[in-house]
Each structure stands twice: as C-alpha cells, then as structure tokens.
Amino acid sequence: MECMMTSTNIFHSRKHSWPLGNYVGRATLQALENDPGAPPPLAWRRKLNSHANFLKEFKVTFWEALRMLGLGLRLWNYAKAEQAQGRIAPIDPFNRKTKPSACHGVPLGGMGAGSIGRGFRGEFGRVQLIPGVCEEAPVPANQFSAFITRGDGKRYSSVLSSGYPQELGKKDDKSGISSWDWNLDGQHSSYHALFPRAWTIYDGEPDPNMKISCRQISPFIPHNYKESSLPVCVFSYALVNTGKDTANASLLFTWANSIGGTSQYSGGHINTPFIEEDGVCGVLLYHKTAKGYPSVTFAISAQQTEDISVSVCPCFLLSGRGINCSARDMWLEVKQHGSFSQDNWNVKPFLPSLEGSSIGAAVAAAVVIPPHETRTIVFALAWDCPETRFQKGRSYHRRYTQFYGTFGNAAANLAHDAILDHWKWEKAIENWQNPILTNDELPEWYRVTLFNELYFLVAGGTIWTDGLGTVHGVEKDMEARSSSTSFYSDEEDSETDGDGIEKKINIIGLLKEDGKLHQTHGMVNKTISNSKYNEMGSNSAEVVPESTEDGTAAKILKAVSATMSNVRVPFGLAYGTSLLQEGEENVGQFLYLEGVEYRMWSTYDVHFYASFALLALFPELELSIQRDFAAATLSYNPEKVRFLAGGGSGMRKVLGAVPHDLGLYDPWVEVNAYNVHDTSKWKDLNSKFVLQIHRDIVITGNKSFARAVWPAVYSAMAYMDRFDRDRDCMIENDRFPDQTYDTWSVSGVSAYCGGLWLAALQAAAAIADEVNDQNAADCFRAKFLCARKAYEEKLWNGAYFSYDEGSSSCSSSIQADQMAGQWYMWASGLCSLFDDNKAQSALDKVFEFNVIRMNGGKMGAVNGMQPNGRVDESCMQSREIWAGTTYAIAATMIYAGMRDKAFVTAEGVFQAAWSEDGYGYWFQTPEAWTVEGHFRSLTYMRPLAIWAMQWALYPPKRVLEAPRIPSMDGDFGSLHHIGFARIADALKMVPGVQVDKINDLFSYMYGCACREGNNV
C-alpha cells in the first residue's frame, strides 16, 4: 500500500478542527471582543447540550480469557484481600463505582495538592484529594448559577450546567437541590478548552439578552515552582448586557462540604464565613476527613468592589437534619432578592454536621449592568490540605506549604491571592502558549492537543511534597522505616518493638557479636576474585588495588575491605533528596499515577514516554523523580511478594534493579506496588533509567546531578549482565512478558528490549565521559559494538527488526515501538544505533502496516502487525493501539525526516480520542483502545508523550549543541572489563543468604564514589 500524504501543505488545506463560528454566534463574539472572556481562536470545543456517552470498556477474547484465567483469579483474590484491609489494590478492574462517560473537561488547581475535575457541561467531579483515590462521580450541589431581573419585570434563573443531574435520579426532593432551576438547555452555550484554562460561553442562556463568559484559570505555569503547586482555581465571569434595559444580575457559587463519594455524610463538618483584605470574602468549609486522613478546608469566595456586592449563606442543608435553612430556602432567597442577608457575615459558628446529613455553602455576587455594558465578577475556589497521608500511615507536607504554612488555615489566603494574581498567571500562560498556537506550520489539532494532554499533570493523582521528609521528622522516619534497606542508608536489619514500630539494627554490630565477620569477609572476596572475567586470574582474597583499576568499579571493590573494617557512613533514608548536591535547590518530591485505574506512583516504564512533558516544562521535577529512582535502584527489600501472573513469589525489591514504580501504600519506602510480574527480571527498566538519566544530563547541563546518580547508573548496567546468557553482550528476554508490554511474551533477543539496551550502552558511555570514568566509557563502547552485531544478525530481516528471535507466531511481527532505543539517541543528541537506512526502512514499514492498515491511519499505530498485513492477535496488547506509544513513534519519524507521516500517525490518536467523531476520551486519554473502540485504563500517563513530538520538532538548544561522543566504531579494548564483571557478579548474589552484607558493601561504595569529592 502506498503511503499517504507527501506534503506538509496537506495540513494547511484542511478545515479548522473546531471553527469558532460554529460554536459561538457572531454577535456574542463581537460583544466579547477585546475582553479576556472571549474564547480563544484555537481550542477544543463542545456544545453544552452534547451528550456524554458511556464508553466501551475493553474485552478479552475467548482464548485470551483462557490464557489469563489464573491471573484473573489471583487478581480477584488479591483485590478482595486488599479491600478487607481497607485499601484499594493497585489494579482492580472488578470494582468500578462509576460507569465512565465522555464528560470531562479541564481540571482545577495546580500540581500535586489534589485536584478537582470539571466537565464540559459544568459539573464538578473526579475529586482526588486523598492519595490514590479518585471519586469520579459529580457532586451535584457544586454549581454556578445565574439570576437576572430586567426592568420590565422579566426574571431568569438557572443552574449554569446543562440538563438535570442523573445523580439526582427521579426523586422529588422538594427541599433539596432538585428544587433548583435546572433550565439550561445548552443548545446555545459552548465550552472551549485550552489547558490550563477553559471558557464557557452562555450565548443568551438563560437570558436571551445577556451574554455570559466564564473563564476558568488554574496556576499551571512552566518553570514556576511556586504558583504551579497551589490548590486553587479562579472563575472570572464577564457579563455583557445586550438588551435595551438595565439588568440586575447575580451569580451564585454553591459548594458541598464533601471530598466526593459519600464523604459529605460522615458528619463533623463545619462552615463559617470569612472576610479577607481587598474585598475578597466568602465561606470556609472545614471537612473532617474519615479514616484518619488529614482534614481539608475549602474556601469559596468572590471579590467585592464598588460595583459588585458579595453576600453569603454560610450553611444550608442538602439532606438530613440539623440545619434550619434548606437548599430550597437558600435558592429562593437569592432568586427573590438577588443576594443574602448581610447579617450572615456575623453569624456564630454552626454546630458540626450530623452523621448522615449533608451541608453546603453559597456565595452570591450581585451587580447592576446598564444596557450595552460589561461587568466582571471574579470567584475563587481553594482547598487547603497541608498533609498528604498514604495508606500505611506515613505523611508528608505538600509543596505549597512552603509558601502558605502547614497549619491548615491557608484556604482564605490562597483564594485571596488567586483573585488578585490570576492576571499574572494568565500573562505567563499566554507567553508560553502563544508561540506554539500561532505557528501555522503545525496542524491545528496538534497545537490544541499538545496543551490539553497536559491535563494529566493535574488530574493524574499528582503529589508534590516539600521534600523535607515525613511530617514527624527525620528521626521518626528513621525509627519507623520498613524492612527496606538502601545504598544510601547504613540501616540494615530490623526488629519490632511492642508497639509494632520497626527499629533498625546495625548488621555489622551483629556480625561482630556472633563471630561471623571473618566468614563474611571471605565470602565477599571469594565472589569477586572468582569472577569468570577476572583477567588477572587471581584467587587471592585481597581486593584489586586501585593502581590496577580506577573508576567507579575500583572504588566499589575497595569498599569491601573498608566495610569489613566497619567503616560506616550515615546516609539517612532512601529518598532522592539525599542526592542533592551543594547549590542545588530542593523543589520537593513529585509523584504521579500510572493512571487513575492503575494506581502506582511514577511507573517508570511509562514515565520513559511521559517524561518529555516534565523535562520540557518543569525540569527540576524531572530530576527529582530521577533522583528518587536512583536511590531506589540501590536499595533492596526482602519482603516476600506473590506475583499474580504465575503465582510464584520473590523479593519486593532486588538490589540493582530499577523499580517498576515508587509504590502505592508507602511510596519511596515500599516500592514496586506492581505485582503482576517480578519486574526485577524485566529487560527494559534498567535501560530506560540510563537513557533518561543521560537525556536529562544533556538538557539540564547539571554535572552535580550526573555525579550523584552515576553509581546507580553503573550498577543498573552491571545488573543487566545476568541477562546476557550467551556472552555476546546482547541481553535476552526470557519467554514471558518481561517488559512494558506485560501480556506480550518475548523470547531471546528482541527488537524492543534489545534496542533499548543498545541505546543504554551508548548513553552509559556518554555519562561515563561526563563523570571522567574512562574505563567505564571504554567498557560500554566495546560492549556496544559486540551487542550491535548480535542484534542486527539475529533480528534484521532486510526491512525491519523482527519482534524477537524466537519461533512463536509473533516472532516475525512488525512491532510499532521497535525504534524506541533509536528515538532516545536522537532525542538526546547521540549517534544512531545503526545506519539511517535501517531506521528509515523500519519506520516506513511501521507506517505502512501498523498505521495505515488500521482504519486508514485514523486510530493510531497498532502495537503488532504480521507481515501478511493482519493484526497480531497473539495477545491482548499486541492488537491494541497505545496512544502514548503512537506519539513516541511519531516523534521518531520526525527525527528520521518523515514529518508528514509523523503527523498522520499521531492524528490517528486525535481522531480516536479527541475528535467529535471519536470515542470520547477527551481529558481522560486511555492507555489503549482496540479497533472496535474498547478502551483499557482511562486517564493514563503515557499520552504525555505528545511532548516528545514537540521535542523532536524543535530540539532544545542543548541537544543541538550536545558534544557528540566519540564514534562507536573503534577498538575500545577488552569486552570483559574486570571491574564491571565483578560488580555484575556481586549483584547476581542478590537475593541470597548474604544479601545484607553485600548491601553494606554498596552503602560504603556510595561514600567512596560520591560523597568524597565526586571523583569517579
């Protein structure tokens, strides 16, 4: 089949993605001209009367169900066991509270302090204020409403949300919110989304002669590490009176004392009015959170001016008993008078709400608008929850507490500052976005989707701490550590006291007491001296002197003798903040979920794709994540874990293996929440770690970061040596899904993992050059030459790299993601892995088969396609289209000079996920969908990879100017570098009976390699 689209002009000749005139009338656009409330020329748009259709969930075939039956049963049992403990399993497809629908819009708030969603029709839902918990269902009482009275006596009133909430059902509650006026049809109203802002235009609804614009603004500002952390959102309303008579208009902001779900009925909640400076006033809603989680305080507010009068109803009853003012009473009062009594500012605090009852609060802003004039009313919503507490009890302060304190009394101040400063946010946002939005060389759909996919950095369950450890301080944290031990810590074994608190015991001390120190010394040195690659042929128990070898490996070996002499260096906890060097700012620690349905923090094989967004916009947060993974790589946790895929068991965390994720119930301490497979046997994680580290060093130019993480990089590479079983320097997969495609089995050398390993060897050599470790650089370059030869001989078939070297039905398949390693070489300024003809040929094959043969390219790239043009149906994932992977493939095509094909490829994701004719995945882009339109895992991290396309289109200056490493073709000495081989052998001892002694060895190695001058 011939390839489509050969000229970039194709994008210019297409119709606009969302023509503004199709959504907003000309008269309304003229009325809002030059007003910030005017909708932007480019945005994702919907009419408010559009249906939010239910989405189709994924299904497995009969044969897939048979193959996955054991996994399914074990997963079901595990989910039930976690539920009995009051926890939600990381993956639980059996417990969905809300049927997913195409309802979402731009979320509220900055990053990492919890988020609240808002649908395009006006409803507030998808509340994520408790780590790892997402309450999808809307809270019907959370609304904006409009009341307008004309001089001729006409009155208009309606909730500014289209339709009657289905959550209310058909019940006739005469005193509840069902008694409100739900009159908005939405036919003439529209929603315009351009993250982090959104505009809702009410074009003559509810009053035909009143044009209302609501501009929603959240403080998501690239390279701003203060405002971007704030839990606040501003709603700026522009009201244009196009009638011939004066209008008395009131806007009402109502909010339930709830954090979603059934929390509003738990009791103990209190509302009280507040007045701040500069006319900012409103109501504080103190929410007593259940199950011991930290309390939350909401602030709903507006700004009073000479023209605008603000009044409040501090507390009304949504349901139950205990409050005299019902939701209906509140509504009728503002409907009749346009405001509430000014006496409400002086009311005494209400009693806490009763269990089983639900309360809300309201803020009304009233204004008189003469004919043909405009008035602006500004509201703010803030929430203050200074502590984030994880399910196993550890708590951290959020990032914004660095600026607003940790006492839980900041909600009013947050709202005040947001109302006064939101115009500064908007200026910064426009300065960031306008160069891209006005670039006519880019397709419109791409310019809009590029920004809107960033919704996940707010709505992806993000947690941003202050980086100062737990709330109880370092001493308490050291005392309460789990059994996890770390390369950066001298804490080894533990015992439990009578209160269930684990206390650390020094392993060296125990060894001295029981007389085993000499035995351990001999064991370690025997392991090193007997390395099959010991080029000296020594059987001595003495460590090779530094004069024989230099570099990191020699320092590791020297550490053995020092460790046996009980030379110990305290390193605190295994947090990445321990790797911060002098002069580096602590911007906190950052977590985000793999997806709201796959609840694991910062899943690393997926972050590999998504990380381009963070690196481009918040590079210090990207480095923070990498430090965390460096620390976690050189930690170990011997806790026994049962793996669900096969039913076997293993260690939670193996020394030297990059973890799959940073945990769920106790992140940074109990990593690897994922328990489907034993990820210490995965073949992509360590390579991805090295590749990301190198890219981040190039982009930031941070040499201190390079030196700090180098021991983890070296050890991650050495760990992979165990997977090179035929000693050709190329790793082999182990006939199970040992990579990010975790239902797609791989055997022997594979296109995906093998390509990543090749790239990692080149990246590791470049990092070694950066830290002046010439021995390591030569070692990795020599291994690269050998590995590349094996990779090409075993997989290159003349047109593309076969899926793997096995003999299964999918071994010859065309994997869409086969160029992942090459992608990172181009993205970080390194040399190509192989000649450009091979890369071009492979990408052409992917475009022709995986893209175009999937519904003409209108769905994205299918993961696997057989050479005969049929979809690879060997497993669930081989037949899926992955949004994030498709974006990454498009980025790779851009580097290869295939720009037109890249946009055709990526546009398939847009067509399926974001267009009106697609599946309805906007602001909840899933990991995957099938040709039938069945999704898997909504609101997923990987689609942030669209920022890799922007990276490829306009490479950062540091990439363009990156010093190219010496040619990978040449003689770099022996493949069997003695230091590398010995460290690899030491790591192969894990797990084993002496693992704690080896771990103490690595603890001191860090002191040698990093803390003492960083001379590696």
# chains A, B, ... in the order shown; residues from 1 in each chain; ligands from 1
>>> residues_around(residues="stretch 682-697 of chain A", least_positions_apart="4", cutoff="6 Å", atoms="only C-alpha atoms", output="number ranges by chain")
A: 605, 658, 701-702, 713, 716, 738-739, 753, 756-757, 760, 763, 828
>>> write_last_selection(atoms="all heavy atoms", output="CSV table (one decimal), in the first residue's frame")
chain,number,residue,atom,x,y,z
A,605,ASP,N,8.5,2.5,33.5
A,605,ASP,CA,8.5,2.1,32.1
A,605,ASP,C,7.6,3.0,31.3
A,605,ASP,O,7.7,3.2,30.1
A,605,ASP,CB,8.1,0.7,31.9
A,605,ASP,CG,6.8,0.3,32.5
A,605,ASP,OD1,6.6,0.6,33.7
A,605,ASP,OD2,5.9,-0.3,31.8
A,658,VAL,N,16.2,-1.5,38.7
A,658,VAL,CA,15.4,-0.3,38.7
A,658,VAL,C,13.9,-0.7,39.0
A,658,VAL,O,13.4,-1.6,38.4
A,658,VAL,CB,15.4,0.5,37.4
A,658,VAL,CG1,14.5,1.7,37.4
A,658,VAL,CG2,16.9,1.0,37.1
A,701,GLY,N,22.3,20.2,31.8
A,701,GLY,CA,23.7,20.5,32.0
A,701,GLY,C,24.2,20.4,33.4
A,701,GLY,O,25.2,21.0,33.8
A,702,ASN,N,23.5,19.7,34.2
A,702,ASN,CA,23.7,19.6,35.7
A,702,ASN,C,24.8,18.5,36.0
A,702,ASN,O,24.4,17.3,36.0
A,702,ASN,CB,22.4,19.3,36.4
A,702,ASN,CG,22.5,19.4,37.9
A,702,ASN,OD1,23.6,19.2,38.5
A,702,ASN,ND2,21.5,19.8,38.6
A,713,VAL,N,23.6,4.4,38.0
A,713,VAL,CA,23.7,4.1,36.5
A,713,VAL,C,24.6,2.9,36.3
A,713,VAL,O,24.3,2.0,35.6
A,713,VAL,CB,24.1,5.4,35.7
A,713,VAL,CG1,24.5,5.0,34.3
A,713,VAL,CG2,23.1,6.4,35.8
A,716,ALA,N,23.1,-0.2,37.6
A,716,ALA,CA,22.0,-0.7,36.8
A,716,ALA,C,22.5,-1.4,35.5
A,716,ALA,O,21.9,-2.4,35.1
A,716,ALA,CB,21.1,0.6,36.4
A,738,ASP,N,8.3,-9.8,29.8
A,738,ASP,CA,9.3,-9.1,30.7
A,738,ASP,C,9.7,-7.7,30.3
A,738,ASP,O,10.8,-7.4,30.2
A,738,ASP,CB,10.5,-10.0,31.0
A,738,ASP,CG,11.1,-10.5,29.7
A,738,ASP,OD1,10.6,-10.2,28.6
A,738,ASP,OD2,12.2,-11.2,29.7
A,739,GLN,N,8.6,-6.9,30.0
A,739,GLN,CA,8.8,-5.5,29.6
A,739,GLN,C,7.5,-4.8,29.7
A,739,GLN,O,6.5,-5.4,30.1
A,739,GLN,CB,9.5,-5.4,28.2
A,739,GLN,CG,9.2,-6.6,27.3
A,739,GLN,CD,7.9,-6.4,26.5
A,739,GLN,OE1,7.6,-5.4,26.0
A,739,GLN,NE2,7.2,-7.5,26.3
A,753,CYS,N,13.4,-4.5,23.6
A,753,CYS,CA,14.4,-4.5,24.7
A,753,CYS,C,15.8,-4.5,24.3
A,753,CYS,O,16.7,-3.8,24.9
A,753,CYS,CB,14.1,-5.7,25.6
A,753,CYS,SG,12.5,-5.7,26.5
A,756,LEU,N,16.6,-1.0,23.2
A,756,LEU,CA,16.8,-0.1,24.4
A,756,LEU,C,18.2,-0.4,25.0
A,756,LEU,O,18.9,0.5,25.5
A,756,LEU,CB,15.7,-0.4,25.4
A,756,LEU,CG,14.3,0.1,25.0
A,756,LEU,CD1,13.3,-0.4,26.0
A,756,LEU,CD2,14.3,1.7,25.0
A,757,TRP,N,18.6,-1.7,25.1
A,757,TRP,CA,19.9,-2.0,25.7
A,757,TRP,C,21.0,-1.4,24.8
A,757,TRP,O,22.0,-0.9,25.4
A,757,TRP,CB,20.0,-3.5,25.8
A,757,TRP,CG,21.4,-4.0,26.2
A,757,TRP,CD1,22.2,-4.8,25.5
A,757,TRP,CD2,22.0,-3.7,27.5
A,757,TRP,NE1,23.4,-5.0,26.3
A,757,TRP,CE2,23.3,-4.4,27.5
A,757,TRP,CE3,21.6,-3.0,28.6
A,757,TRP,CZ2,24.1,-4.3,28.5
A,757,TRP,CZ3,22.5,-2.9,29.7
A,757,TRP,CH2,23.8,-3.6,29.6
A,760,ALA,N,21.2,2.1,25.7
A,760,ALA,CA,21.7,2.3,27.0
A,760,ALA,C,23.2,2.2,27.1
A,760,ALA,O,23.9,2.9,27.8
A,760,ALA,CB,21.0,1.4,28.0
A,763,ALA,N,24.5,5.5,25.9
A,763,ALA,CA,24.2,6.5,26.8
A,763,ALA,C,25.1,6.4,28.0
A,763,ALA,O,25.6,7.4,28.6
A,763,ALA,CB,22.7,6.5,27.2
A,828,SER,N,18.4,12.8,22.5
A,828,SER,CA,19.4,13.3,23.5
A,828,SER,C,20.8,13.6,22.8
A,828,SER,O,21.8,13.8,23.5
A,828,SER,CB,19.7,12.3,24.6
A,828,SER,OG,20.0,11.0,24.0
>>> residues_around(residues="A:Gln303", least_positions_apart="6", cutoff="8 Å", atoms="only C-alpha atoms", output="PyMOL selection string")
chain A and resi 278-281+310+377-379+419
>>> write_last_selection(atoms="N, CA, C and O atoms", output="compact mmCIF listing (two decimals), in the first residue's frame")
# COMPACT_ATOMS: atom_id res chain seq x y z
N ASP A 278 -8.83 43.47 50.52
CA ASP A 278 -9.06 43.74 49.11
C ASP A 278 -10.44 43.28 48.64
O ASP A 278 -10.63 42.98 47.46
N GLY A 279 -11.39 43.20 49.56
CA GLY A 279 -12.76 42.86 49.20
C GLY A 279 -13.01 41.39 48.97
O GLY A 279 -14.12 41.01 48.56
N VAL A 280 -12.02 40.54 49.19
CA VAL A 280 -12.21 39.09 49.00
C VAL A 280 -12.91 38.51 50.21
O VAL A 280 -12.45 38.68 51.35
N CYS A 281 -14.02 37.85 50.00
CA CYS A 281 -14.79 37.29 51.10
C CYS A 281 -15.56 36.06 50.63
O CYS A 281 -15.74 35.85 49.42
N VAL A 310 -21.12 41.36 47.49
CA VAL A 310 -20.97 39.93 47.79
C VAL A 310 -21.70 39.61 49.09
O VAL A 310 -21.55 40.34 50.09
N ILE A 377 -17.16 39.65 37.29
CA ILE A 377 -17.22 39.10 38.65
C ILE A 377 -16.20 37.98 38.74
O ILE A 377 -16.17 37.08 37.89
N VAL A 378 -15.37 38.02 39.77
CA VAL A 378 -14.31 37.02 39.92
C VAL A 378 -14.56 36.19 41.17
O VAL A 378 -14.68 36.72 42.28
N PHE A 379 -14.61 34.87 40.97
CA PHE A 379 -14.73 33.91 42.07
C PHE A 379 -13.43 33.12 42.18
O PHE A 379 -12.64 33.03 41.22
N ILE A 419 -7.34 35.51 43.43
CA ILE A 419 -8.18 36.54 42.81
C ILE A 419 -7.34 37.75 42.42
O ILE A 419 -7.54 38.34 41.35
>>> closest_atom_pairs(of="stretch 57-99 of chain A", to="stretch 869-877 of chain A", cutoff="9 Å", atoms="only C-alpha atoms", output="tab-separated table")
residue	atom	partner	partner_atom	distance
A:Lys59	CA	A:Met876	CA	8.9
A:Val60	CA	A:Met876	CA	6.7
A:Thr61	CA	A:Met876	CA	8.0
A:Trp63	CA	A:Cys875	CA	8.9
A:Glu64	CA	A:Cys875	CA	6.5
>>> select_by_dssp(residues="stretch 730-946 of chain A", states="strand (DSSP E or B)", output="PyMOL selection string")
chain A and resi 733-736+746-748+750+796+801+804+814-815+862+864-865+871+881-882+928-929+935-936+940
>>> closest_residue(among="A:Asn257, A:Thr149, A:Thr462, A:Ser266", to="A:Leu317", atoms="only C-alpha atoms")
A:Asn257
>>> closest_residue(among="A:Thr254, A:Asn142, A:Ser236, A:Thr98", to="A:Trp331", atoms="only C-alpha atoms")
A:Thr254
>>> select_by_dssp(residues="stretch 566-803 of chain A", states="helix (DSSP H, G or I)", output="MDAnalysis selection string")
chainID A and resid 576:579 604:617 619:633 679:681 685:700 703:723 751:770 774:795
>>> atom_distance(atom1="atom CA of A:Asp804", atom2="atom CA of A:Val749")
5.6 Å
>>> closest_atom_pairs(of="stretch 89-156 of chain A", to="stretch 184-205 of chain A", cutoff="10 Å", atoms="only C-alpha atoms", output="tab-separated table")
residue	atom	partner	partner_atom	distance
A:Gly105	CA	A:Ala193	CA	7.1
A:Val106	CA	A:Phe195	CA	6.1
A:Pro107	CA	A:Pro196	CA	7.8
A:Leu108	CA	A:Pro196	CA	8.2
A:Gly109	CA	A:Pro196	CA	8.8
A:Gly110	CA	A:Pro196	CA	8.9
A:Arg118	CA	A:Ala198	CA	9.9
A:Gly119	CA	A:Tyr191	CA	9.5
A:Phe120	CA	A:Tyr191	CA	5.9
A:Arg121	CA	A:Tyr191	CA	7.4
A:Gly122	CA	A:Thr200	CA	8.4
A:Ser145	CA	A:Leu184	CA	9.9
A:Ala146	CA	A:Glu205	CA	9.3
A:Tyr156	CA	A:Glu205	CA	8.9
>>> residues_around(residues="A:Ser745", least_positions_apart="3", cutoff="9 Å", atoms="only C-alpha atoms", output="JSON list (two decimals) with N, CA and C atoms, in the first residue's frame")
[["chain", "number", "residue", "atom", "x", "y", "z"],
["A", 733, "ASN", "N", 15.55, -11.82, 26.30],
["A", 733, "ASN", "CA", 14.30, -11.93, 27.06],
["A", 733, "ASN", "C", 14.03, -13.39, 27.40],
["A", 734, "ASP", "N", 13.14, -13.59, 28.37],
["A", 734, "ASP", "CA", 13.01, -14.91, 28.99],
["A", 734, "ASP", "C", 11.67, -15.60, 28.77],
["A", 735, "ARG", "N", 11.08, -15.43, 27.60],
["A", 735, "ARG", "CA", 9.89, -16.18, 27.20],
["A", 735, "ARG", "C", 8.66, -15.88, 28.05],
["A", 736, "PHE", "N", 8.66, -14.69, 28.66],
["A", 736, "PHE", "CA", 7.44, -14.21, 29.31],
["A", 736, "PHE", "C", 7.39, -12.70, 29.07],
["A", 737, "PRO", "N", 6.30, -12.04, 29.40],
["A", 737, "PRO", "CA", 6.20, -10.61, 29.10],
["A", 737, "PRO", "C", 7.04, -9.77, 30.05],
["A", 738, "ASP", "N", 8.35, -9.76, 29.82],
["A", 738, "ASP", "CA", 9.28, -9.13, 30.75],
["A", 738, "ASP", "C", 9.66, -7.73, 30.30],
["A", 739, "GLN", "N", 8.64, -6.90, 30.04],
["A", 739, "GLN", "CA", 8.84, -5.52, 29.63],
["A", 739, "GLN", "C", 7.50, -4.81, 29.70],
["A", 741, "TYR", "N", 5.20, -4.07, 27.74],
["A", 741, "TYR", "CA", 4.08, -4.82, 27.14],
["A", 741, "TYR", "C", 3.90, -6.10, 27.94],
["A", 742, "ASP", "N", 3.18, -5.99, 29.06],
["A", 742, "ASP", "CA", 3.25, -7.05, 30.06],
["A", 742, "ASP", "C", 2.24, -8.18, 29.89],
["A", 875, "CYS", "N", -1.88, -11.79, 21.63],
["A", 875, "CYS", "CA", -2.26, -11.44, 22.99],
["A", 875, "CYS", "C", -3.08, -10.16, 22.97]]
>>> closest_residue(among="A:Trp432, A:Phe643, A:Trp445, A:Phe54", to="A:Pro19", atoms="only C-alpha atoms")
A:Trp445
